[in-house]
file start.pdb (PDB, C-alpha atoms and all ligand atoms)
MODEL        1
ATOM      1  CA  MET A   9     -20.535  10.837   8.101
ATOM      2  CA  LEU A  10     -17.477   8.679   8.726
ATOM      3  CA  THR A  11     -16.480   9.073  12.372
ATOM      4  CA  VAL A  12     -12.849   8.754  13.429
ATOM      5  CA  GLU A  13     -13.611   5.776  15.660
ATOM      6  CA  ARG A  14     -15.476   3.983  12.899
ATOM      7  CA  ALA A  15     -12.645   4.622  10.409
ATOM      8  CA  ALA A  16     -10.067   3.429  12.954
ATOM      9  CA  ARG A  17     -12.009   0.203  13.520
ATOM     10  CA  ASP A  18     -12.486  -0.361   9.780
ATOM     11  CA  ILE A  19      -8.710  -0.104   9.345
ATOM     12  CA  GLU A  20      -7.783  -2.149  12.429
ATOM     13  CA  THR A  21     -10.071  -5.018  11.486
ATOM     14  CA  MET A  22      -8.904  -4.790   7.859
ATOM     15  CA  LYS A  23     -12.430  -4.198   6.645
ATOM     16  CA  VAL A  24     -10.666  -1.437   4.757
ATOM     17  CA  ARG A  25      -7.222  -2.471   3.581
ATOM     18  CA  GLY A  26      -4.649  -1.693   0.942
ATOM     19  CA  ALA A  27      -2.186   1.022   1.895
ATOM     20  CA  GLY A  28      -3.702   3.668  -0.390
ATOM     21  CA  ARG A  29      -7.323   2.888   0.447
ATOM     22  CA  LEU A  30      -6.770   2.960   4.158
ATOM     23  CA  ALA A  31      -4.881   6.271   3.900
ATOM     24  CA  ARG A  32      -7.846   7.804   2.038
ATOM     25  CA  HIS A  33     -10.302   6.313   4.551
ATOM     26  CA  ALA A  34      -8.434   7.964   7.441
ATOM     27  CA  VAL A  35      -8.264  11.283   5.595
ATOM     28  CA  GLN A  36     -11.991  11.084   4.829
ATOM     29  CA  ALA A  37     -12.709  10.703   8.564
ATOM     30  CA  LEU A  38     -10.590  13.798   9.309
ATOM     31  CA  GLN A  39     -12.426  15.711   6.596
ATOM     32  CA  ASP A  40     -15.814  14.695   8.032
ATOM     33  CA  LEU A  41     -14.673  15.687  11.513
ATOM     34  CA  ALA A  42     -13.669  19.155  10.280
ATOM     35  CA  ALA A  43     -16.843  19.550   8.204
ATOM     36  CA  ALA A  44     -19.096  18.789  11.183
ATOM     37  CA  HIS A  45     -17.141  20.956  13.627
ATOM     38  CA  GLU A  46     -19.015  23.934  15.016
ATOM     39  CA  GLY A  47     -16.513  25.268  17.590
ATOM     40  CA  GLY A  48     -13.473  27.473  17.167
ATOM     41  CA  ASP A  49     -10.007  26.747  15.781
ATOM     42  CA  ALA A  50      -8.446  25.816  19.127
ATOM     43  CA  ALA A  51     -11.016  23.105  19.842
ATOM     44  CA  LEU A  52     -10.790  21.763  16.296
ATOM     45  CA  ARG A  53      -6.981  21.683  16.494
ATOM     46  CA  ARG A  54      -7.172  19.560  19.672
ATOM     47  CA  GLU A  55      -9.726  17.191  18.163
ATOM     48  CA  LEU A  56      -7.781  16.769  14.927
ATOM     49  CA  ARG A  57      -4.548  15.960  16.754
ATOM     50  CA  ALA A  58      -6.249  13.365  18.962
ATOM     51  CA  ALA A  59      -7.971  11.849  15.920
ATOM     52  CA  ALA A  60      -4.693  11.721  13.984
ATOM     53  CA  LYS A  61      -3.016   9.845  16.833
ATOM     54  CA  ARG A  62      -5.840   7.303  16.984
ATOM     55  CA  LEU A  63      -5.816   6.747  13.202
ATOM     56  CA  VAL A  64      -2.039   6.438  12.812
ATOM     57  CA  ALA A  65      -1.862   3.827  15.595
ATOM     58  CA  THR A  66      -4.200   1.442  13.749
ATOM     59  CA  ARG A  67      -1.644   0.033  11.262
ATOM     60  CA  PRO A  68       1.876   0.789  12.503
ATOM     61  CA  THR A  69       3.756  -0.333   9.368
ATOM     62  CA  ALA A  70       1.794   1.626   6.777
ATOM     63  CA  VAL A  71       3.688   4.888   6.332
ATOM     64  CA  SER A  72       1.079   5.792   3.733
ATOM     65  CA  LEU A  73      -1.353   6.239   6.614
ATOM     66  CA  ARG A  74       1.027   8.354   8.679
ATOM     67  CA  ASN A  75       2.057  10.576   5.766
ATOM     68  CA  ALA A  76      -1.538  11.037   4.640
ATOM     69  CA  VAL A  77      -2.772  11.949   8.127
ATOM     70  CA  GLU A  78       0.145  14.357   8.663
ATOM     71  CA  GLU A  79      -0.623  16.062   5.380
ATOM     72  CA  ALA A  80      -4.321  16.318   6.268
ATOM     73  CA  ILE A  81      -3.675  17.975   9.625
ATOM     74  CA  ALA A  82      -0.707  20.103   8.492
ATOM     75  CA  PRO A  83      -2.863  23.262   8.827
ATOM     76  CA  THR A  84      -2.963  22.661  12.623
ATOM     77  CA  ARG A  85       0.757  23.569  12.624
ATOM     78  CA  GLU A  86       1.019  25.968   9.707
ATOM     79  CA  PRO A  87      -2.134  27.897   8.923
ATOM     80  CA  MET A  88      -2.814  28.158   5.211
ATOM     81  CA  ASN A  89      -5.295  30.736   3.977
ATOM     82  CA  GLY A  90      -8.584  30.539   5.770
ATOM     83  CA  THR A  91      -9.958  29.216   9.049
ATOM     84  CA  LEU A  92      -8.516  25.939  10.321
ATOM     85  CA  ARG A  93     -11.730  24.207   9.251
ATOM     86  CA  ALA A  94     -11.485  25.560   5.682
ATOM     87  CA  ASP A  95      -7.769  24.739   5.495
ATOM     88  CA  VAL A  96      -8.303  21.133   6.633
ATOM     89  CA  LEU A  97     -11.180  20.672   4.200
ATOM     90  CA  ALA A  98      -8.922  21.883   1.391
ATOM     91  CA  ALA A  99      -5.920  19.763   2.490
ATOM     92  CA  THR A 100      -7.977  16.580   2.807
ATOM     93  CA  GLU A 101      -9.689  17.133  -0.528
ATOM     94  CA  ARG A 102      -6.336  17.722  -2.193
ATOM     95  CA  PHE A 103      -4.882  14.515  -0.719
ATOM     96  CA  ILE A 104      -7.836  12.355  -1.785
ATOM     97  CA  HIS A 105      -7.791  13.762  -5.298
ATOM     98  CA  ARG A 106      -4.002  13.495  -5.660
ATOM     99  CA  SER A 107      -3.866   9.917  -4.343
ATOM    100  CA  HIS A 108      -6.490   8.719  -6.857
ATOM    101  CA  ALA A 109      -4.646  10.518  -9.652
ATOM    102  CA  ALA A 110      -1.350   8.937  -8.546
ATOM    103  CA  VAL A 111      -2.749   5.410  -8.990
ATOM    104  CA  GLU A 112      -3.837   6.323 -12.523
ATOM    105  CA  THR A 113      -0.438   7.765 -13.405
ATOM    106  CA  ILE A 114       1.414   4.806 -11.905
ATOM    107  CA  SER A 115      -0.778   2.396 -13.897
ATOM    108  CA  GLY A 116       0.308   4.047 -17.144
ATOM    109  CA  LEU A 117       3.979   4.376 -16.194
ATOM    110  CA  GLY A 118       4.087   0.765 -15.000
ATOM    111  CA  ALA A 119       2.588  -0.459 -18.269
ATOM    112  CA  ASP A 120       5.217   1.596 -20.154
ATOM    113  CA  LEU A 121       7.868  -0.174 -18.122
ATOM    114  CA  LEU A 122       6.566  -3.645 -19.004
ATOM    115  CA  GLY A 123       6.581  -2.458 -22.608
ATOM    116  CA  GLY A 124       4.848  -5.401 -24.322
ATOM    117  CA  PRO A 125       2.886  -8.635 -23.923
ATOM    118  CA  GLY A 126       3.846 -11.183 -21.293
ATOM    119  CA  VAL A 127       2.989 -12.753 -17.938
ATOM    120  CA  VAL A 128       2.902 -10.736 -14.707
ATOM    121  CA  LEU A 129       2.872 -12.176 -11.207
ATOM    122  CA  THR A 130       1.617 -10.157  -8.256
ATOM    123  CA  HIS A 131       1.318 -10.781  -4.531
ATOM    124  CA  CYS A 132      -1.422  -9.559  -2.175
ATOM    125  CA  ASN A 133      -3.858  -6.893  -3.308
ATOM    126  CA  SER A 134      -2.441  -3.598  -4.452
ATOM    127  CA  ALA A 135      -4.494  -1.043  -6.359
ATOM    128  CA  CYS A 136      -1.295   0.200  -8.005
ATOM    129  CA  SER A 137      -0.280  -3.286  -9.191
ATOM    130  CA  VAL A 138      -3.768  -4.150 -10.428
ATOM    131  CA  GLY A 139      -3.744  -0.815 -12.278
ATOM    132  CA  VAL A 140      -0.426  -1.578 -13.961
ATOM    133  CA  ILE A 141      -1.543  -5.064 -15.041
ATOM    134  CA  ALA A 142      -4.948  -3.875 -16.259
ATOM    135  CA  ARG A 143      -3.392  -1.017 -18.249
ATOM    136  CA  ALA A 144      -0.798  -3.358 -19.781
ATOM    137  CA  HIS A 145      -3.605  -5.739 -20.768
ATOM    138  CA  GLU A 146      -5.528  -2.880 -22.421
ATOM    139  CA  ARG A 147      -2.473  -2.185 -24.557
ATOM    140  CA  TRP A 148      -1.413  -5.798 -25.176
ATOM    141  CA  PRO A 149      -4.455  -8.097 -24.857
ATOM    142  CA  SER A 150      -2.334 -11.249 -24.512
ATOM    143  CA  VAL A 151      -1.018 -10.052 -21.116
ATOM    144  CA  LYS A 152      -1.825 -12.645 -18.440
ATOM    145  CA  ALA A 153      -1.400 -12.724 -14.676
ATOM    146  CA  PHE A 154      -0.719 -14.949 -11.706
ATOM    147  CA  ALA A 155      -2.186 -13.846  -8.363
ATOM    148  CA  SER A 156      -0.782 -15.515  -5.273
ATOM    149  CA  GLU A 157      -3.249 -16.358  -2.519
ATOM    150  CA  THR A 158      -1.478 -14.295   0.178
ATOM    151  CA  ARG A 159      -2.085 -16.086   3.421
ATOM    152  CA  PRO A 160      -3.501 -15.589   5.944
ATOM    153  CA  ARG A 161      -6.167 -13.122   4.702
ATOM    154  CA  ARG A 162      -6.161 -14.326   1.092
ATOM    155  CA  GLN A 163      -6.188 -10.871  -0.487
ATOM    156  CA  GLY A 164      -5.016 -12.619  -3.658
ATOM    157  CA  LEU A 165      -8.661 -13.539  -4.202
ATOM    158  CA  LEU A 166      -9.545  -9.847  -4.392
ATOM    159  CA  THR A 167      -6.737  -9.324  -6.868
ATOM    160  CA  ALA A 168      -7.868 -12.231  -9.026
ATOM    161  CA  ARG A 169     -11.456 -10.916  -9.054
ATOM    162  CA  GLN A 170     -10.385  -7.359  -9.839
ATOM    163  CA  LEU A 171      -8.140  -8.515 -12.686
ATOM    164  CA  ARG A 172     -10.989 -10.604 -14.018
ATOM    165  CA  GLU A 173     -13.233  -7.514 -13.977
ATOM    166  CA  HIS A 174     -10.598  -5.928 -16.228
ATOM    167  CA  ARG A 175     -10.787  -9.062 -18.426
ATOM    168  CA  VAL A 176      -7.203 -10.045 -17.650
ATOM    169  CA  PRO A 177      -6.777 -13.854 -17.822
ATOM    170  CA  VAL A 178      -5.647 -14.678 -14.300
ATOM    171  CA  THR A 179      -4.428 -17.809 -12.544
ATOM    172  CA  TYR A 180      -4.805 -17.988  -8.761
ATOM    173  CA  ILE A 181      -2.065 -19.943  -6.978
ATOM    174  CA  VAL A 182      -1.125 -20.727  -3.386
ATOM    175  CA  ASP A 183       1.860 -18.796  -2.101
ATOM    176  CA  SER A 184       4.041 -21.884  -2.081
ATOM    177  CA  ALA A 185       3.521 -22.339  -5.855
ATOM    178  CA  VAL A 186       5.258 -19.035  -6.690
ATOM    179  CA  ASN A 187       8.686 -20.540  -7.283
ATOM    180  CA  LEU A 188       7.192 -23.329  -9.389
ATOM    181  CA  VAL A 189       5.483 -20.951 -11.823
ATOM    182  CA  MET A 190       8.282 -18.360 -11.918
ATOM    183  CA  PRO A 191       9.812 -19.813 -15.135
ATOM    184  CA  GLU A 192       6.564 -18.779 -16.910
ATOM    185  CA  VAL A 193       6.687 -15.238 -15.520
ATOM    186  CA  ASP A 194       8.142 -12.191 -17.338
ATOM    187  CA  TRP A 195       7.749  -9.584 -14.597
ATOM    188  CA  VAL A 196       6.724  -9.358 -10.959
ATOM    189  CA  VAL A 197       4.786  -6.246  -9.937
ATOM    190  CA  VAL A 198       3.863  -5.658  -6.293
ATOM    191  CA  GLY A 199       2.699  -2.698  -4.225
ATOM    192  CA  ALA A 200       4.221  -1.301  -1.056
ATOM    193  CA  ASP A 201       3.081  -0.199   2.348
ATOM    194  CA  THR A 202       6.315   1.642   3.049
ATOM    195  CA  VAL A 203       9.490   2.346   1.091
ATOM    196  CA  ALA A 204      12.607   3.172   3.114
ATOM    197  CA  ALA A 205      15.051   5.903   2.071
ATOM    198  CA  ASN A 206      17.497   3.337   0.679
ATOM    199  CA  GLY A 207      14.774   1.725  -1.466
ATOM    200  CA  ASP A 208      14.042  -1.284   0.766
ATOM    201  CA  VAL A 209      10.384  -2.194   0.291
ATOM    202  CA  VAL A 210       8.045  -3.148   3.114
ATOM    203  CA  ASN A 211       5.069  -5.016   1.715
ATOM    204  CA  LYS A 212       2.738  -7.900   2.581
ATOM    205  CA  VAL A 213       4.541 -10.825   4.191
ATOM    206  CA  GLY A 214       5.821 -13.225   1.553
ATOM    207  CA  THR A 215       6.859 -10.456  -0.857
ATOM    208  CA  SER A 216      10.550 -10.991  -0.110
ATOM    209  CA  GLN A 217      10.224 -14.691  -0.972
ATOM    210  CA  VAL A 218       8.624 -13.766  -4.276
ATOM    211  CA  ALA A 219      11.552 -11.391  -4.876
ATOM    212  CA  LEU A 220      14.073 -14.118  -4.072
ATOM    213  CA  SER A 221      12.436 -16.448  -6.543
ATOM    214  CA  ALA A 222      12.280 -13.707  -9.212
ATOM    215  CA  ARG A 223      15.960 -12.957  -8.733
ATOM    216  CA  GLU A 224      16.884 -16.630  -9.006
ATOM    217  CA  HIS A 225      14.981 -16.820 -12.316
ATOM    218  CA  GLY A 226      16.229 -13.479 -13.687
ATOM    219  CA  VAL A 227      12.696 -12.005 -13.620
ATOM    220  CA  PRO A 228      12.527  -8.192 -13.155
ATOM    221  CA  PHE A 229      10.882  -7.249  -9.863
ATOM    222  CA  TYR A 230       8.980  -3.937  -9.950
ATOM    223  CA  VAL A 231       7.279  -2.039  -7.127
ATOM    224  CA  ALA A 232       4.341   0.278  -7.842
ATOM    225  CA  ALA A 233       3.811   2.777  -5.031
ATOM    226  CA  GLU A 234       2.703   6.376  -4.614
ATOM    227  CA  THR A 235       5.295   8.899  -3.372
ATOM    228  CA  TYR A 236       3.495   9.227  -0.035
ATOM    229  CA  LYS A 237       4.541   5.664   0.815
ATOM    230  CA  VAL A 238       8.172   6.721   1.014
ATOM    231  CA  ALA A 239       9.471   7.233   4.561
ATOM    232  CA  PRO A 240      12.579   9.458   4.488
ATOM    233  CA  TRP A 241      13.018   8.885   8.254
ATOM    234  CA  ALA A 242      13.557   5.136   7.714
ATOM    235  CA  ARG A 243      17.144   4.739   6.572
ATOM    236  CA  THR A 244      16.521   1.066   5.705
ATOM    237  CA  GLY A 245      13.639  -1.373   5.992
ATOM    238  CA  ARG A 246      14.955  -2.371   9.410
ATOM    239  CA  ASP A 247      13.839   0.996  10.786
ATOM    240  CA  VAL A 248      10.188   0.194   9.984
ATOM    241  CA  ARG A 249       8.181  -1.529  12.701
ATOM    242  CA  ILE A 250       6.601  -4.697  11.324
ATOM    243  CA  GLU A 251       2.998  -5.114  12.455
ATOM    244  CA  GLU A 252       2.160  -8.408  14.124
ATOM    245  CA  ARG A 253      -1.482  -9.443  14.208
ATOM    246  CA  ASP A 254      -3.531 -11.857  16.286
ATOM    247  CA  PRO A 255      -2.217 -15.433  15.739
ATOM    248  CA  ARG A 256      -5.834 -16.622  15.541
ATOM    249  CA  GLU A 257      -5.833 -15.215  12.000
ATOM    250  CA  ILE A 258      -3.490 -17.987  10.914
ATOM    251  CA  LEU A 259      -5.017 -20.730  13.047
ATOM    252  CA  GLU A 260      -8.437 -20.275  11.426
ATOM    253  CA  GLY A 261     -10.395 -21.678  14.328
ATOM    254  CA  ARG A 262      -7.988 -24.521  15.138
ATOM    255  CA  SER A 263      -6.342 -24.763  18.517
ATOM    256  CA  LEU A 264      -2.715 -25.862  18.712
ATOM    257  CA  PRO A 265      -2.026 -26.354  22.422
ATOM    258  CA  GLY A 266       1.599 -25.743  23.388
ATOM    259  CA  ILE A 267       2.500 -24.253  19.998
ATOM    260  CA  ARG A 268       3.356 -20.613  19.485
ATOM    261  CA  ALA A 269       1.835 -19.051  16.386
ATOM    262  CA  PHE A 270       3.535 -15.969  14.917
ATOM    263  CA  ASN A 271       1.632 -13.739  12.500
ATOM    264  CA  PRO A 272       3.793 -10.938  11.064
ATOM    265  CA  VAL A 273       1.925  -8.970   8.416
ATOM    266  CA  PHE A 274       4.778  -7.518   6.369
ATOM    267  CA  ASP A 275       8.346  -8.248   5.409
ATOM    268  CA  VAL A 276      11.234  -6.308   3.940
ATOM    269  CA  THR A 277      12.436  -6.844   0.387
ATOM    270  CA  PRO A 278      15.991  -5.522   0.113
ATOM    271  CA  ALA A 279      16.500  -2.726  -2.411
ATOM    272  CA  ARG A 280      19.029  -4.836  -4.308
ATOM    273  CA  PHE A 281      16.220  -7.229  -5.358
ATOM    274  CA  VAL A 282      14.132  -4.392  -6.817
ATOM    275  CA  LYS A 283      14.708  -3.310 -10.392
ATOM    276  CA  ARG A 284      12.519  -0.186 -10.437
ATOM    277  CA  ILE A 285      10.101   1.599  -8.146
ATOM    278  CA  VAL A 286       7.281   3.219 -10.089
ATOM    279  CA  THR A 287       5.794   6.281  -8.432
ATOM    280  CA  GLU A 288       3.599   8.964  -9.982
ATOM    281  CA  ALA A 289       6.818  10.957 -10.455
ATOM    282  CA  GLY A 290       8.400   8.280 -12.662
ATOM    283  CA  ALA A 291      10.130   4.878 -12.585
ATOM    284  CA  VAL A 292      13.508   4.949 -10.862
ATOM    285  CA  PRO A 293      16.008   2.477  -9.388
ATOM    286  CA  PRO A 294      15.375   2.032  -5.637
ATOM    287  CA  SER A 295      18.523   3.966  -4.709
ATOM    288  CA  ALA A 296      17.053   7.074  -6.396
ATOM    289  CA  VAL A 297      13.554   6.979  -4.927
ATOM    290  CA  ALA A 298      14.190   9.189  -1.862
ATOM    291  CA  ARG A 299      15.754  11.924  -4.015
ATOM    292  CA  GLN A 300      12.888  11.679  -6.495
ATOM    293  CA  VAL A 301      10.311  12.020  -3.743
ATOM    294  CA  ALA A 302      12.123  14.932  -2.080
ATOM    295  CA  ARG A 303      12.107  16.721  -5.448
ATOM    296  CA  ALA A 304       8.403  15.931  -5.969
ATOM    297  CA  ARG A 305       7.523  17.212  -2.460
ATOM    298  CA  ARG A 306       9.379  20.464  -3.075
ATOM    299  CA  GLY A 307       7.122  20.794  -6.123
TER     300      GLY A 307
HETATM  301  P1  LIG B   1      -2.088  -0.335  -2.595
HETATM  302  C1  LIG B   1      -1.522  -3.837   1.377
HETATM  303  O1  LIG B   1      -1.445  -3.938   2.759
HETATM  304  C2  LIG B   1      -0.655  -4.854   0.667
HETATM  305  O2  LIG B   1       0.552  -5.123   1.341
HETATM  306  C3  LIG B   1      -0.421  -4.136  -0.651
HETATM  307  O3  LIG B   1       0.650  -4.645  -1.384
HETATM  308  C4  LIG B   1      -0.159  -2.725  -0.140
HETATM  309  O4  LIG B   1      -1.102  -2.549   0.919
HETATM  310  C5  LIG B   1      -0.291  -1.623  -1.150
HETATM  311  O5  LIG B   1      -1.600  -1.561  -1.669
HETATM  312  P2  LIG B   1      -2.727  -4.424   3.665
HETATM  313  O6  LIG B   1      -3.533  -3.200   3.967
HETATM  314  O7  LIG B   1      -1.931   0.923  -1.802
HETATM  315  O8  LIG B   1      -3.488  -5.446   2.871
HETATM  316  O9  LIG B   1      -1.238  -0.344  -3.843
HETATM  317  O10 LIG B   1      -2.108  -4.985   4.932
HETATM  318  O11 LIG B   1      -3.551  -0.650  -2.861
ENDMDL
END
call {"tool": "encode", "arguments": {"input": "start.pdb", "output": "structure tokens"}}
result
Amino acid sequence: MLTVERAARDIETMKVRGAGRLARHAVQALQDLAAAHEGGDAALRRELRAAAKRLVATRPTAVSLRNAVEEAIAPTREPMNGTLRADVLAATERFIHRSHAAVETISGLGADLLGGPGVVLTHCNSACSVGVIARAHERWPSVKAFASETRPRRQGLLTARQLREHRVPVTYIVDSAVNLVMPEVDWVVVGADTVAANGDVVNKVGTSQVALSAREHGVPFYVAAETYKVAPWARTGRDVRIEERDPREILEGRSLPGIRAFNPVFDVTPARFVKRIVTEAGAVPPSAVARQVARARRG
């Protein structure tokens, strides 16, 4: 059984990371809580609300986490069909299933968008982006990739390994080599932690620099993200709180007396740098993503 505290720690320490994965991890903990509950609805409602608060606070920027948790505990506000326990079990199961399916759909739609062989660059480690690149490589075996290191946690290594498992030829580069290799790149594909209503994209720090370089070189910049990463309440990326983590992550054991270290985890890529956002509901220009998601949520 995955306890709420254990899931919260896994997410806080980034043992579990990647906006989609951590959303599912949190939802799994809520499902396990409901499954093990032996009391009545009122007690379960209280426990679920407290658990949701704890889980959402772990990674403040990831709207995926907040939206997923809200969906999982929606039956505490609006009863569905059965007992609260049965309703939460159904809601959590539905979210986990739908979020896996969304990655699959996005992989196919993203590959359609690339539309042929070429070189893709990605930043950080996004299941959606890896899916798009792997699917494109299945269709056009000469597809190749660059994975940027992504300091300070070097999630680019995970990306490089995952692409290799899919047999995609991949070149691992340091973040500061992105602009140098951009002339060899045909498309950039990155994931997102949060997408604002105007299409601004909040993703791993450094993403906006990759976008700047892509724009300078005329390389299309695509974002692959499930609809539950869209935050209608954030008018622009400026409305999203950017998580700052312990500066020791960037110092890697060194001490720099008298020097302030600043470790922001995400940055905002303006919508105007983004050519298309690929969700499971289709690929749209960033200005259309909020409407698309509202339509998808209405069913
Ligand atoms: P998927 C990650 O955040 C990265 O910023 C990545 O681009 C984004 O989540 C989306 O990943 P972190 O958890 O959901 O590493 O596409 O801070 O896997």
call {"tool": "atom_distance", "arguments": {"input": "start.pdb", "atom1": "CA of Arg74 (chain A)", "atom2": "CA of Gly48 (chain A)"}}
result
25.5 Å
call {"tool": "closest_atom_pairs", "arguments": {"input": "start.pdb", "of": "region 50-127 of chain A", "to": "region 168-177 of chain A", "cutoff": "12 Å", "atoms": "only C-alpha atoms", "output": "CSV"}}
result
residue,atom,partner,partner_atom,distance
A:Pro125,CA,A:Val176,CA,12.0
A:Gly126,CA,A:Pro177,CA,11.5
A:Val127,CA,A:Pro177,CA,9.8
call {"tool": "closest_residue", "arguments": {"input": "start.pdb", "among": "A:Gly245, A:Gly124, A:Pro160, A:Pro228", "to": "ligand LIG 1 (chain B)", "atoms": "only C-alpha atoms and all ligand atoms"}}
result
A:Pro160
call {"tool": "closest_residue", "arguments": {"input": "start.pdb", "among": "A:Pro278, A:Gly290, A:Pro83, A:Gly116", "to": "Val218 (chain A)", "atoms": "all atoms listed in the file"}}
result
A:Pro278
call {"tool": "atom_distance", "arguments": {"input": "start.pdb", "atom1": "atom O6 of ligand LIG 1 (chain B)", "atom2": "CA of Ser134 (chain A)"}}
result
8.5 Å
call {"tool": "closest_residue", "arguments": {"input": "start.pdb", "among": "A:Ile250, A:Ala80, A:Leu10, A:Ala98", "to": "ligand LIG 1 (chain B)", "atoms": "all atoms listed in the file"}}
result
A:Ile250
call {"tool": "closest_residue", "arguments": {"input": "start.pdb", "among": "A:Val273, A:Leu264, A:Ala37, A:Ile258", "to": "ligand LIG 1 (chain B)", "atoms": "all atoms listed in the file"}}
result
A:Val273
call {"tool": "axis_aligned_box", "arguments": {"input": "start.pdb", "around": "ligand LIG 1 (chain B)", "padding_each_side": "3 Å", "output": "AutoDock Vina command-line options"}}
result
--center_x -1.5 --center_y -2.3 --center_z 0.5 --size_x 10.2 --size_y 12.4 --size_z 14.8
call {"tool": "residues_near_ligand", "arguments": {"input": "start.pdb", "ligand": "ligand LIG 1 (chain B)", "cutoff": "6 Å", "atoms": "all atoms listed in the file", "output": "list in words"}}
result
Arg25, Gly26, Ala27, Gly28, Cys132, Asn133, Ser134, Ala135, Cys136, Val198, Gly199, Ala200, Asp201, Asn211 and Lys212 of chain A
